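Below is the file entry.csv, which contains CSV, C-alpha atoms.
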```csv
chain,number,residue,atom,x,y,z
A,1,MET,CA,10.8,-95.3,-29.5
A,2,PRO,CA,10.6,-94.4,-25.8
A,3,VAL,CA,11.8,-97.0,-23.4
A,4,PRO,CA,9.1,-98.1,-21.0
A,5,ARG,CA,9.6,-96.8,-17.4
A,6,LEU,CA,10.1,-99.7,-15.1
A,7,SER,CA,8.1,-99.4,-11.9
A,8,PRO,CA,8.4,-102.8,-10.2
A,9,PHE,CA,7.4,-101.5,-6.7
A,10,ALA,CA,4.7,-99.0,-7.6
A,11,ALA,CA,2.1,-100.5,-5.3
A,12,LEU,CA,4.5,-100.2,-2.3
A,13,ARG,CA,4.0,-96.4,-2.3
A,14,HIS,CA,0.7,-97.2,-0.6
A,15,ARG,CA,1.3,-97.5,3.2
A,16,ASN,CA,-1.5,-99.9,3.7
A,17,PHE,CA,-0.3,-102.2,1.0
A,18,ARG,CA,3.3,-102.1,2.3
A,19,LEU,CA,2.0,-103.4,5.6
A,20,PHE,CA,-0.1,-106.0,4.0
A,21,TYR,CA,2.7,-107.2,1.7
A,22,THR,CA,5.2,-107.5,4.5
A,23,GLY,CA,2.9,-109.4,6.7
A,24,GLN,CA,1.8,-111.7,3.9
A,25,THR,CA,5.4,-112.5,2.9
A,26,ILE,CA,6.3,-113.6,6.5
A,27,SER,CA,3.1,-115.6,6.8
A,28,LEU,CA,3.5,-117.3,3.4
A,29,THR,CA,6.9,-118.6,4.4
A,30,GLY,CA,5.3,-120.3,7.4
A,31,THR,CA,2.5,-121.6,5.2
A,32,TRP,CA,4.9,-123.3,2.8
A,33,MET,CA,6.8,-124.7,5.8
A,34,GLN,CA,3.6,-126.2,7.2
A,35,GLN,CA,2.6,-127.7,3.8
A,36,LEU,CA,5.8,-129.7,3.5
A,37,ALA,CA,5.7,-130.7,7.2
A,38,GLN,CA,2.1,-131.8,7.1
A,39,GLY,CA,2.6,-134.1,4.2
A,40,TRP,CA,5.7,-135.6,5.8
A,41,LEU,CA,3.8,-136.0,9.1
A,42,VAL,CA,0.9,-137.8,7.5
A,43,LEU,CA,3.3,-140.2,5.7
A,44,GLN,CA,5.0,-140.9,9.0
A,45,LEU,CA,1.8,-141.6,10.8
A,46,THR,CA,0.2,-143.8,8.1
A,47,ASP,CA,2.8,-144.9,5.6
A,48,SER,CA,0.1,-144.3,3.0
A,49,ALA,CA,0.2,-142.2,-0.1
A,50,LEU,CA,-3.6,-142.4,-0.1
A,51,TRP,CA,-3.8,-140.7,3.3
A,52,VAL,CA,-1.4,-138.0,2.1
A,53,GLY,CA,-3.6,-137.3,-0.9
A,54,LEU,CA,-6.8,-137.4,1.2
A,55,VAL,CA,-5.4,-134.8,3.7
A,56,ALA,CA,-4.3,-132.5,0.8
A,57,ALA,CA,-7.8,-132.8,-0.8
A,58,LEU,CA,-9.5,-132.0,2.4
A,59,GLY,CA,-7.6,-128.7,2.4
A,60,SER,CA,-9.1,-127.8,-1.0
A,61,LEU,CA,-12.5,-129.4,-1.2
A,62,PRO,CA,-14.3,-127.0,1.2
A,63,ILE,CA,-13.6,-124.2,-1.3
A,64,LEU,CA,-16.0,-126.1,-3.7
A,65,VAL,CA,-18.7,-126.0,-1.0
A,66,PHE,CA,-18.3,-122.7,0.6
A,67,SER,CA,-16.8,-120.3,-1.9
A,68,LEU,CA,-20.0,-118.8,-3.4
A,69,PRO,CA,-21.7,-118.1,0.0
A,70,ALA,CA,-18.3,-116.8,1.2
A,71,GLY,CA,-18.2,-114.4,-1.7
A,72,VAL,CA,-21.6,-113.0,-0.8
A,73,TYR,CA,-20.4,-112.5,2.8
A,74,ALA,CA,-17.2,-110.8,1.5
A,75,ASP,CA,-19.4,-108.3,-0.4
A,76,ARG,CA,-21.5,-107.6,2.7
A,77,ALA,CA,-18.9,-107.6,5.4
A,78,ASN,CA,-16.0,-105.5,6.5
A,79,LYS,CA,-13.2,-107.1,4.5
A,80,ARG,CA,-10.4,-106.2,6.9
A,81,ARG,CA,-12.4,-107.8,9.8
A,82,VAL,CA,-13.1,-111.0,7.7
A,83,VAL,CA,-9.4,-111.4,6.9
A,84,THR,CA,-8.4,-110.7,10.5
A,85,VAL,CA,-10.7,-113.3,11.9
A,86,CYS,CA,-9.7,-115.9,9.3
A,87,GLN,CA,-6.0,-115.3,10.0
A,88,ALA,CA,-6.6,-115.7,13.7
A,89,LEU,CA,-8.4,-119.0,13.1
A,90,LEU,CA,-5.5,-120.2,10.9
A,91,LEU,CA,-3.1,-119.3,13.7
A,92,ALA,CA,-5.1,-121.3,16.2
A,93,ALA,CA,-5.2,-124.4,13.8
A,94,ALA,CA,-1.4,-124.3,13.3
A,95,ALA,CA,-0.7,-123.8,17.0
A,96,LEU,CA,-3.0,-126.8,17.9
A,97,LEU,CA,-1.2,-129.0,15.4
A,98,ALA,CA,2.2,-127.9,16.9
A,99,VAL,CA,1.0,-128.8,20.4
A,100,LEU,CA,-0.4,-132.2,19.3
A,101,VAL,CA,2.9,-133.1,17.5
A,102,ALA,CA,5.1,-131.8,20.3
A,103,THR,CA,3.3,-133.8,23.0
A,104,GLY,CA,3.2,-137.0,20.9
A,105,ARG,CA,-0.6,-137.1,20.8
A,106,VAL,CA,-1.2,-136.5,17.2
A,107,ALA,CA,-3.1,-138.9,15.0
A,108,ALA,CA,-3.8,-138.9,11.3
A,109,TRP,CA,-7.5,-138.2,11.7
A,110,GLN,CA,-6.7,-135.1,13.7
A,111,VAL,CA,-4.5,-133.8,10.9
A,112,ALA,CA,-7.3,-134.5,8.4
A,113,VAL,CA,-9.9,-132.7,10.5
A,114,LEU,CA,-7.6,-129.7,10.9
A,115,ALA,CA,-6.9,-129.7,7.2
A,116,ALA,CA,-10.6,-129.5,6.5
A,117,VAL,CA,-11.0,-126.7,9.0
A,118,VAL,CA,-8.1,-124.8,7.3
A,119,GLY,CA,-9.8,-125.4,3.9
A,120,THR,CA,-13.1,-124.0,5.2
A,121,VAL,CA,-11.5,-120.9,6.7
A,122,ASN,CA,-9.6,-120.3,3.4
A,123,ALA,CA,-12.9,-120.5,1.5
A,124,PHE,CA,-14.0,-117.3,3.3
A,125,GLU,CA,-10.5,-115.7,3.5
A,126,ILE,CA,-9.6,-115.9,-0.2
A,127,PRO,CA,-12.4,-113.9,-1.7
A,128,ALA,CA,-12.3,-111.3,1.1
A,129,ARG,CA,-8.5,-110.9,0.8
A,130,GLN,CA,-8.5,-110.8,-3.0
A,131,SER,CA,-11.2,-108.1,-3.2
A,132,PHE,CA,-9.5,-106.3,-0.3
A,133,ILE,CA,-6.3,-105.6,-2.3
A,134,VAL,CA,-8.0,-103.1,-4.6
A,135,GLU,CA,-9.1,-101.1,-1.6
A,136,LEU,CA,-5.4,-100.8,-0.5
A,137,VAL,CA,-3.9,-99.6,-3.9
A,138,GLY,CA,-6.8,-98.6,-6.2
A,139,LYS,CA,-7.2,-99.9,-9.7
A,140,GLU,CA,-4.2,-98.0,-11.1
A,141,ASP,CA,-1.7,-100.0,-9.2
A,142,LEU,CA,-3.7,-103.3,-8.9
A,143,THR,CA,-1.7,-105.2,-11.5
A,144,ASN,CA,1.5,-104.3,-9.8
A,145,ALA,CA,0.1,-105.2,-6.4
A,146,ILE,CA,-1.0,-108.6,-7.6
A,147,ALA,CA,2.3,-109.2,-9.3
A,148,LEU,CA,4.2,-108.3,-6.1
A,149,ASN,CA,2.0,-110.7,-4.1
A,150,SER,CA,2.7,-113.4,-6.7
A,151,SER,CA,6.4,-112.8,-6.4
A,152,ALA,CA,6.2,-113.1,-2.6
A,153,PHE,CA,4.1,-116.3,-3.0
A,154,ASN,CA,6.7,-117.9,-5.3
A,155,ALA,CA,9.8,-116.7,-3.5
A,156,THR,CA,8.5,-118.2,-0.2
A,157,ARG,CA,7.6,-121.4,-2.1
A,158,ILE,CA,11.3,-121.8,-2.7
A,159,VAL,CA,12.5,-120.7,0.8
A,160,GLY,CA,9.8,-122.2,3.0
A,161,PRO,CA,10.1,-125.8,2.0
A,162,ALA,CA,13.9,-125.6,2.1
A,163,VAL,CA,13.8,-124.3,5.7
A,164,ALA,CA,11.2,-126.8,6.7
A,165,GLY,CA,13.3,-129.7,5.4
A,166,LEU,CA,16.2,-128.6,7.6
A,167,LEU,CA,14.0,-128.1,10.6
A,168,VAL,CA,12.3,-131.5,10.2
A,169,ALA,CA,15.7,-133.2,10.0
A,170,GLU,CA,17.4,-131.2,12.8
A,171,VAL,CA,14.7,-130.1,15.2
A,172,GLY,CA,11.4,-131.9,14.5
A,173,ILE,CA,8.1,-131.5,12.6
A,174,ALA,CA,6.5,-129.6,15.5
A,175,ALA,CA,8.8,-126.6,14.9
A,176,CYS,CA,7.4,-126.0,11.4
A,177,PHE,CA,3.8,-125.8,12.7
A,178,GLY,CA,4.9,-123.6,15.6
A,179,ILE,CA,6.7,-121.2,13.3
A,180,ASN,CA,3.7,-121.0,11.0
A,181,ALA,CA,1.5,-120.1,13.9
A,182,VAL,CA,3.8,-117.3,14.9
A,183,SER,CA,4.0,-116.1,11.3
A,184,TYR,CA,0.3,-115.2,11.3
A,185,VAL,CA,1.0,-112.6,14.0
A,186,ALA,CA,2.8,-110.5,11.3
A,187,VAL,CA,-0.4,-110.4,9.2
A,188,LEU,CA,-2.6,-109.6,12.2
A,189,ILE,CA,-0.3,-106.7,13.2
A,190,ALA,CA,-0.3,-105.4,9.7
A,191,LEU,CA,-4.1,-105.5,9.4
A,192,GLN,CA,-4.5,-103.5,12.7
A,193,ALA,CA,-1.9,-100.9,11.7
A,194,MET,CA,-3.6,-100.0,8.5
A,195,ARG,CA,-5.3,-96.6,8.2
A,196,LEU,CA,-8.6,-97.2,6.3
A,197,PRO,CA,-11.6,-95.0,5.9
A,198,PRO,CA,-14.6,-95.9,8.1
A,199,TRP,CA,-16.4,-98.9,6.7
A,200,GLN,CA,-19.9,-98.4,5.5
A,201,ARG,CA,-22.3,-101.4,5.3
A,202,PRO,CA,-23.5,-101.9,1.7
A,203,THR,CA,-27.2,-102.1,1.0
A,204,ALA,CA,-28.0,-105.6,0.0
A,205,ALA,CA,-31.1,-106.5,-1.9
A,206,GLY,CA,-32.5,-110.0,-1.4
A,207,GLY,CA,-31.2,-113.0,0.6
A,208,GLY,CA,-27.9,-114.8,0.3
A,209,LEU,CA,-29.1,-117.2,-2.4
A,210,ASP,CA,-30.5,-114.3,-4.5
A,211,GLN,CA,-27.1,-112.5,-4.2
A,212,VAL,CA,-25.3,-115.7,-5.3
A,213,ARG,CA,-27.5,-115.8,-8.3
A,214,GLU,CA,-26.9,-112.1,-9.0
A,215,GLY,CA,-23.1,-112.8,-9.1
A,216,LEU,CA,-23.5,-115.8,-11.4
A,217,ARG,CA,-25.8,-113.8,-13.7
A,218,PHE,CA,-23.2,-111.1,-14.0
A,219,VAL,CA,-20.5,-113.6,-14.9
A,220,ARG,CA,-22.8,-115.3,-17.5
A,221,ARG,CA,-23.8,-112.0,-19.1
A,222,ASP,CA,-20.3,-110.4,-19.4
A,223,PRO,CA,-18.5,-112.4,-22.1
A,224,ARG,CA,-15.1,-111.2,-20.9
A,225,VAL,CA,-15.6,-112.2,-17.3
A,226,LEU,CA,-17.1,-115.5,-18.4
A,227,ALA,CA,-14.2,-116.3,-20.7
A,228,LEU,CA,-11.7,-115.6,-17.9
A,229,VAL,CA,-13.6,-117.9,-15.4
A,230,LEU,CA,-14.0,-120.7,-18.0
A,231,ASN,CA,-10.3,-120.5,-19.0
A,232,THR,CA,-9.3,-120.8,-15.3
A,233,ALA,CA,-11.6,-123.8,-14.9
A,234,VAL,CA,-10.0,-125.6,-18.0
A,235,LEU,CA,-6.5,-125.0,-16.8
A,236,SER,CA,-7.3,-126.0,-13.2
A,237,LEU,CA,-8.9,-129.3,-14.4
A,238,PHE,CA,-6.5,-130.3,-17.2
A,239,GLY,CA,-3.3,-128.3,-16.8
A,240,PHE,CA,-2.4,-127.5,-13.2
A,241,PRO,CA,-2.6,-131.2,-12.0
A,242,TYR,CA,0.8,-131.8,-13.6
A,243,ILE,CA,2.4,-131.0,-10.3
A,244,VAL,CA,0.7,-134.0,-8.7
A,245,LEU,CA,2.6,-136.4,-11.1
A,246,LEU,CA,6.1,-134.8,-10.5
A,247,PRO,CA,7.1,-137.6,-8.0
A,248,VAL,CA,6.1,-140.2,-10.6
A,249,PHE,CA,8.2,-138.5,-13.3
A,250,ALA,CA,11.2,-138.1,-10.9
A,251,ARG,CA,11.2,-141.8,-9.9
A,252,ASP,CA,9.9,-143.7,-12.8
A,253,VAL,CA,10.3,-141.6,-16.0
A,254,LEU,CA,13.4,-139.4,-15.5
A,255,ARG,CA,14.9,-141.6,-12.8
A,256,VAL,CA,16.4,-138.7,-10.9
A,257,GLY,CA,15.2,-139.6,-7.4
A,258,ALA,CA,14.2,-137.3,-4.5
A,259,GLN,CA,17.0,-134.9,-5.2
A,260,GLY,CA,15.9,-134.4,-8.8
A,261,LEU,CA,12.3,-134.0,-7.6
A,262,GLY,CA,13.5,-131.1,-5.4
A,263,VAL,CA,15.2,-129.5,-8.4
A,264,MET,CA,12.1,-130.0,-10.6
A,265,SER,CA,9.9,-128.3,-8.0
A,266,ALA,CA,12.3,-125.5,-7.5
A,267,SER,CA,12.4,-124.8,-11.3
A,268,ILE,CA,8.7,-124.2,-11.3
A,269,GLY,CA,9.1,-121.7,-8.5
A,270,ILE,CA,12.0,-120.0,-10.2
A,271,GLY,CA,10.0,-119.6,-13.5
A,272,ALA,CA,7.0,-118.3,-11.5
A,273,LEU,CA,9.1,-115.8,-9.6
A,274,ALA,CA,10.7,-114.5,-12.8
A,275,ALA,CA,7.3,-114.0,-14.3
A,276,ALA,CA,6.0,-112.2,-11.2
A,277,LEU,CA,9.0,-109.8,-11.0
A,278,GLY,CA,8.8,-109.1,-14.7
A,279,LEU,CA,5.1,-108.4,-14.5
A,280,ALA,CA,5.6,-106.1,-11.5
A,281,ALA,CA,8.2,-104.2,-13.5
A,282,PHE,CA,6.2,-103.7,-16.7
A,283,SER,CA,2.7,-103.7,-15.2
A,284,PRO,CA,1.8,-100.2,-16.4
A,285,HIS,CA,2.6,-101.2,-20.0
A,286,VAL,CA,1.1,-104.7,-20.1
A,287,ARG,CA,-2.1,-105.5,-22.2
A,288,ARG,CA,-3.6,-107.9,-19.7
A,289,GLY,CA,-6.1,-109.5,-22.1
A,290,MET,CA,-3.4,-110.3,-24.6
A,291,LEU,CA,-1.3,-111.7,-21.8
A,292,VAL,CA,-3.9,-114.2,-20.8
A,293,ALA,CA,-4.6,-115.0,-24.5
A,294,TRP,CA,-1.0,-116.2,-25.1
A,295,ALA,CA,0.1,-117.3,-21.6
A,296,SER,CA,-2.7,-120.0,-21.4
A,297,PRO,CA,-1.8,-122.0,-24.5
A,298,VAL,CA,1.9,-121.6,-23.8
A,299,PHE,CA,1.3,-123.1,-20.4
A,300,GLY,CA,-0.5,-126.1,-21.9
A,301,LEU,CA,2.2,-126.6,-24.5
A,302,ALA,CA,4.9,-126.5,-21.8
A,303,VAL,CA,3.0,-129.2,-19.8
A,304,ALA,CA,2.7,-131.4,-22.9
A,305,GLY,CA,6.4,-130.8,-23.7
A,306,PHE,CA,7.5,-131.8,-20.2
A,307,ALA,CA,5.4,-135.0,-20.5
A,308,TYR,CA,7.7,-136.3,-23.2
A,309,ALA,CA,11.0,-134.7,-22.1
A,310,ARG,CA,13.5,-137.4,-21.4
A,311,TRP,CA,16.6,-135.2,-21.0
A,312,PHE,CA,16.7,-133.8,-17.5
A,313,PRO,CA,17.8,-130.3,-18.5
A,314,LEU,CA,15.0,-130.1,-21.0
A,315,ALA,CA,12.5,-131.2,-18.4
A,316,ILE,CA,13.8,-128.5,-16.1
A,317,ALA,CA,13.4,-125.9,-18.8
A,318,THR,CA,9.9,-126.9,-19.6
A,319,LEU,CA,8.9,-126.9,-16.0
A,320,ALA,CA,10.3,-123.4,-15.5
A,321,LEU,CA,8.3,-122.3,-18.5
A,322,THR,CA,5.1,-123.8,-16.9
A,323,GLY,CA,5.7,-121.7,-13.8
A,324,PHE,CA,6.4,-118.6,-15.9
A,325,ALA,CA,3.3,-118.9,-18.0
A,326,MET,CA,1.1,-120.0,-15.1
A,327,VAL,CA,1.9,-116.9,-13.1
A,328,LEU,CA,1.4,-114.5,-16.0
A,329,ASN,CA,-2.0,-116.1,-16.7
A,330,ASN,CA,-3.1,-116.1,-13.1
A,331,ALA,CA,-2.0,-112.6,-12.3
A,332,ALA,CA,-3.4,-111.1,-15.5
A,333,THR,CA,-6.7,-113.0,-14.9
A,334,ASN,CA,-7.0,-111.8,-11.3
A,335,THR,CA,-6.4,-108.2,-12.3
A,336,LEU,CA,-8.8,-108.2,-15.2
A,337,LEU,CA,-11.6,-109.7,-13.0
A,338,GLN,CA,-11.1,-107.1,-10.3
A,339,THR,CA,-11.1,-104.2,-12.8
A,340,LEU,CA,-14.1,-105.5,-14.9
A,341,VAL,CA,-16.4,-106.3,-11.9
A,342,PRO,CA,-18.3,-103.6,-10.0
A,343,ASP,CA,-17.3,-103.0,-6.4
A,344,GLY,CA,-20.6,-104.5,-5.0
A,345,LEU,CA,-20.0,-107.8,-6.9
A,346,ARG,CA,-16.2,-108.2,-6.5
A,347,GLY,CA,-16.3,-110.6,-3.6
A,348,ARG,CA,-18.8,-112.9,-5.3
A,349,VAL,CA,-16.9,-113.0,-8.6
A,350,MET,CA,-13.5,-113.5,-6.9
A,351,ALA,CA,-15.1,-116.4,-4.9
A,352,LEU,CA,-16.2,-118.0,-8.1
A,353,TRP,CA,-12.7,-117.6,-9.4
A,354,ALA,CA,-11.3,-119.2,-6.3
A,355,LEU,CA,-13.8,-122.0,-6.6
A,356,VAL,CA,-12.6,-123.0,-10.1
A,357,PHE,CA,-9.0,-122.1,-9.5
A,358,VAL,CA,-8.5,-123.9,-6.1
A,359,GLY,CA,-11.6,-126.0,-5.8
A,360,PHE,CA,-11.4,-127.7,-9.2
A,361,ALA,CA,-7.7,-128.7,-8.6
A,362,PRO,CA,-8.5,-131.9,-6.5
A,363,LEU,CA,-11.0,-133.0,-9.2
A,364,GLY,CA,-8.3,-132.4,-11.9
A,365,SER,CA,-5.8,-134.3,-9.8
A,366,LEU,CA,-8.1,-137.3,-9.4
A,367,LEU,CA,-8.9,-137.3,-13.1
A,368,THR,CA,-5.2,-137.1,-14.1
A,369,GLY,CA,-4.2,-139.8,-11.6
A,370,TRP,CA,-6.9,-142.1,-12.9
A,371,LEU,CA,-5.9,-141.5,-16.5
A,372,ALA,CA,-2.2,-142.0,-15.6
A,373,GLY,CA,-3.1,-145.4,-14.1
A,374,GLY,CA,-4.6,-146.5,-17.4
A,375,VAL,CA,-2.4,-145.0,-20.1
A,376,GLY,CA,0.7,-143.9,-18.1
A,377,ALA,CA,1.8,-140.6,-16.6
A,378,PRO,CA,3.4,-139.2,-19.8
A,379,ALA,CA,0.3,-139.8,-22.0
A,380,ALA,CA,-2.0,-138.5,-19.3
A,381,LEU,CA,0.0,-135.3,-18.8
A,382,ALA,CA,0.4,-134.8,-22.6
A,383,ALA,CA,-3.4,-135.2,-23.1
A,384,GLY,CA,-4.2,-132.7,-20.3
A,385,GLY,CA,-1.7,-130.1,-21.7
A,386,ALA,CA,-2.9,-130.5,-25.2
A,387,LEU,CA,-6.5,-130.2,-24.2
A,388,ALA,CA,-5.8,-127.1,-22.2
A,389,THR,CA,-4.0,-125.6,-25.2
A,390,VAL,CA,-6.7,-126.4,-27.7
A,391,VAL,CA,-9.5,-125.0,-25.5
A,392,SER,CA,-7.6,-121.9,-24.7
A,393,VAL,CA,-6.8,-121.2,-28.3
A,394,TRP,CA,-10.4,-121.8,-29.3
A,395,MET,CA,-11.7,-119.6,-26.5
A,396,TRP,CA,-9.5,-116.6,-27.1
A,397,GLY,CA,-9.6,-116.9,-30.9
A,398,ARG,CA,-13.4,-116.5,-31.0
```

Would you give me this structure, written as structure tokens?
Amino acid sequence: MPVPRLSPFAALRHRNFRLFYTGQTISLTGTWMQQLAQGWLVLQLTDSALWVGLVAALGSLPILVFSLPAGVYADRANKRRVVTVCQALLLAAAALLAVLVATGRVAAWQVAVLAAVVGTVNAFEIPARQSFIVELVGKEDLTNAIALNSSAFNATRIVGPAVAGLLVAEVGIAACFGINAVSYVAVLIALQAMRLPPWQRPTAAGGGLDQVREGLRFVRRDPRVLALVLNTAVLSLFGFPYIVLLPVFARDVLRVGAQGLGVMSASIGIGALAAALGLAAFSPHVRRGMLVAWASPVFGLAVAGFAYARWFPLAIATLALTGFAMVLNNAATNTLLQTLVPDGLRGRVMALWALVFVGFAPLGSLLTGWLAGGVGAPAALAAGGALATVVSVWMWGR
């Protein structure tokens, strides 16, 4: 039996993607630094967990509102230009926050407003960027490109917060926001250095609302695409919110404190990074539909297993498995959607995917938090994991 040829960096043979990947990796490090620093800043300003949750929600809720019209715009517009403008706006928001903190003029309401601005910009940036990747590598190397992006995302999720923690302690919070602002320059340079064919404006029939309906009709009529979107919605609502309850488990259930919480968070990132690197290596030989079919229920089972793990090493192992299965599912789903959808609808479908993947997360977190208040965190998490598993098995077994 022939041994599969490993090609973990196949997408990097495309010059445009190499530029994009390098810029994204630098920028993501800054993004993770800002995420940690922003939560810490809000807690310092308000001493309120509610405010911390509110600011985090404001960063995601605009995606629920703007994703679908943003998808229409992504299909109509020059994607490189859209991503460039969005990255410039994100740079400006980070720089403004750095100045406010450095001058001592920052207030919680200002952080909340800027979080909402960033969320709104991301609603337009995500579908444009996701549908832009296939233009950089083609469909042949798309799985590898998405896996490499995922590896960068998860590697920086480990490095960024660690660096931010040191900076907050030694230099101050403003440094994290300033470094994040500078990191966006790498993406802007990469975007301008790309060599792309001249953009041609697509012919669009009907107004914006008609085009939103066209995208929704396509999803509804294609059972494969519909199943992928629904599966993502179920996992986002009932599975992914387990991350919100990690502090509760660290303090009240496993009793490992803040240091243990750091280890728990890192274990998810390590599992996710391992999955991304493995998928990048074996991407030409992976059956993506089969990958989604088994990764989704495995993720749900891992969440349920973590809910009742009382031995810390077992809890760490189950968390690493959640990260591993989550990345396999997300990367395979992303690739399948982009290959199944026609070019003229890709932005709209990826916007719908972003809506359920990112926009549903705050709703799932609220639901999980409410349930945890009534029946306890372990039972709430176990119920969510079990429900995600059952629905995934039912959906893919049809």

- line: Taken to one decimal, the atom CA of Gly30 of chain A-atom CA of Val182 of chain A distance is 8.2 Å

- prompt: What lies within 8 Å of Ala320 of chain A using all atoms listed in the file, ignoring chain neighbours under 2 positions off, as JSON, numbers by chain?
  reply: {"A": [267, 268, 269, 270, 271, 272, 316, 317, 318, 322, 323, 324]}

- prompt: Of the candidates A:Leu273, A:Val327, A:Leu19, A:Leu12, which one gets nearest to Thr156 of chain A if we count only C-alpha atoms?
  reply: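 Of all the options, A:Leu273 lies closest to Thr156 of chain A.
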
- prompt: Do you know which residues are at most 10 Å from Arg195 of chain A counting all atoms listed in the file, after dropping those on the same chain fewer than 5 positions away, and could you put them as an MDAnalysis selection string?
  reply: chainID A and resid 15:16 136

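Using all atoms listed in the file, the nearest neighbour of Gly384 of chain A within the list A:Pro241, A:Gly71, A:Pro247, A:Gly215 is A:Pro241.
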
query: In Å, with one decimal, what is the gap from atom CA of Pro313 of chain A to atom CA of Arg251 of chain A?
result: 15.8 Å

- request: In Å, rounded to a single decimal, give me how far atom CA of Gly359 of chain A is from atom CA of Ala227 of chain A.
  value: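 Going from atom CA of Ala227 of chain A over to atom CA of Gly359 of chain A, I get 18.0 Å.
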
task: Find, counting all atoms listed in the file, the residue in A:Val356, A:Val341, A:Ala382, A:Ile243 that gets nearest to Asp222 of chain A.
output: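 Nearest to Asp222 of chain A: A:Val341.
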
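Among the candidate residues A:Leu337, A:Leu235, A:Ala309, A:Leu352, the one lying nearest to Leu387 of chain A is A:Leu235, with distances computed using only C-alpha atoms.
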
- prompt: Out of A:Trp394, A:Trp32, A:Phe9, A:Phe360, which residue has the shortest atom-to-atom distance to Val65 of chain A when counting only C-alpha atoms?
  reply: A:Phe360

message: List the spatial neighbours of Cys86 of chain A as an MDAnalysis selection string - criterion: any atom at most 6 Å away, only C-alpha atoms, same-chain residues fewer than 3 positions off excluded.
response: chainID A and resid 83 89 121 125

Counting only C-alpha atoms, the option among A:Ala190, A:Val229, A:Val303, A:Val298 closest to Pro378 of chain A: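 Smallest distance to Pro378 of chain A is found for A:Val303.
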
message: List the spatial neighbours of Ala354 of chain A as a PyMOL selection string - criterion: any atom at most 12 Å away, all atoms listed in the file, same-chain residues fewer than 3 positions off excluded.
response: chain A and resi 60-68+70-71+122-131+229+232-233+236+330+333-334+337+347-351+357-361

field: Protein, DNA and RNA residues within 12 Å of (-3.2, -140.4, 1.0), all atoms listed in the file, as a ChimeraX atom specification
entry: /A:38-58,108-109,111-112,366

Completed segment 340-351 of chain A (N, CA and C atoms) as a PDB file, in the frame of the given file:
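Saved file out.pdb follows:
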```
ATOM      1  N   LEU A 340     -12.842-105.404 -14.043  1.00  0.00           N
ATOM      2  CA  LEU A 340     -14.100-105.500 -14.900  1.00  0.00           C
ATOM      3  C   LEU A 340     -15.325-105.563 -14.013  1.00  0.00           C
ATOM      4  N   VAL A 341     -15.185-105.989 -12.764  1.00  0.00           N
ATOM      5  CA  VAL A 341     -16.400-106.300 -11.900  1.00  0.00           C
ATOM      6  C   VAL A 341     -16.674-105.059 -11.046  1.00  0.00           C
ATOM      7  N   PRO A 342     -17.959-104.695 -10.907  1.00  0.00           N
ATOM      8  CA  PRO A 342     -18.300-103.600 -10.000  1.00  0.00           C
ATOM      9  C   PRO A 342     -17.968-103.909  -8.557  1.00  0.00           C
ATOM     10  N   ASP A 343     -17.754-102.863  -7.773  1.00  0.00           N
ATOM     11  CA  ASP A 343     -17.300-103.000  -6.400  1.00  0.00           C
ATOM     12  C   ASP A 343     -18.283-103.935  -5.600  1.00  0.00           C
ATOM     13  N   GLY A 344     -19.578-103.780  -5.820  1.00  0.00           N
ATOM     14  CA  GLY A 344     -20.600-104.500  -5.000  1.00  0.00           C
ATOM     15  C   GLY A 344     -20.636-106.000  -5.372  1.00  0.00           C
ATOM     16  N   LEU A 345     -19.989-106.426  -6.473  1.00  0.00           N
ATOM     17  CA  LEU A 345     -20.000-107.800  -6.900  1.00  0.00           C
ATOM     18  C   LEU A 345     -18.626-108.474  -6.798  1.00  0.00           C
ATOM     19  N   ARG A 346     -17.619-107.700  -6.436  1.00  0.00           N
ATOM     20  CA  ARG A 346     -16.200-108.200  -6.500  1.00  0.00           C
ATOM     21  C   ARG A 346     -16.002-109.427  -5.673  1.00  0.00           C
ATOM     22  N   GLY A 347     -16.510-109.425  -4.453  1.00  0.00           N
ATOM     23  CA  GLY A 347     -16.300-110.600  -3.600  1.00  0.00           C
ATOM     24  C   GLY A 347     -16.896-111.838  -4.149  1.00  0.00           C
ATOM     25  N   ARG A 348     -18.102-111.742  -4.725  1.00  0.00           N
ATOM     26  CA  ARG A 348     -18.800-112.900  -5.300  1.00  0.00           C
ATOM     27  C   ARG A 348     -18.027-113.455  -6.509  1.00  0.00           C
ATOM     28  N   VAL A 349     -17.584-112.558  -7.372  1.00  0.00           N
ATOM     29  CA  VAL A 349     -16.900-113.000  -8.600  1.00  0.00           C
ATOM     30  C   VAL A 349     -15.520-113.592  -8.218  1.00  0.00           C
ATOM     31  N   MET A 350     -14.812-112.980  -7.273  1.00  0.00           N
ATOM     32  CA  MET A 350     -13.500-113.500  -6.900  1.00  0.00           C
ATOM     33  C   MET A 350     -13.712-114.874  -6.140  1.00  0.00           C
ATOM     34  N   ALA A 351     -14.844-115.057  -5.476  1.00  0.00           N
ATOM     35  CA  ALA A 351     -15.100-116.400  -4.900  1.00  0.00           C
ATOM     36  C   ALA A 351     -15.348-117.415  -5.927  1.00  0.00           C
TER      37      ALA A 351
END
```
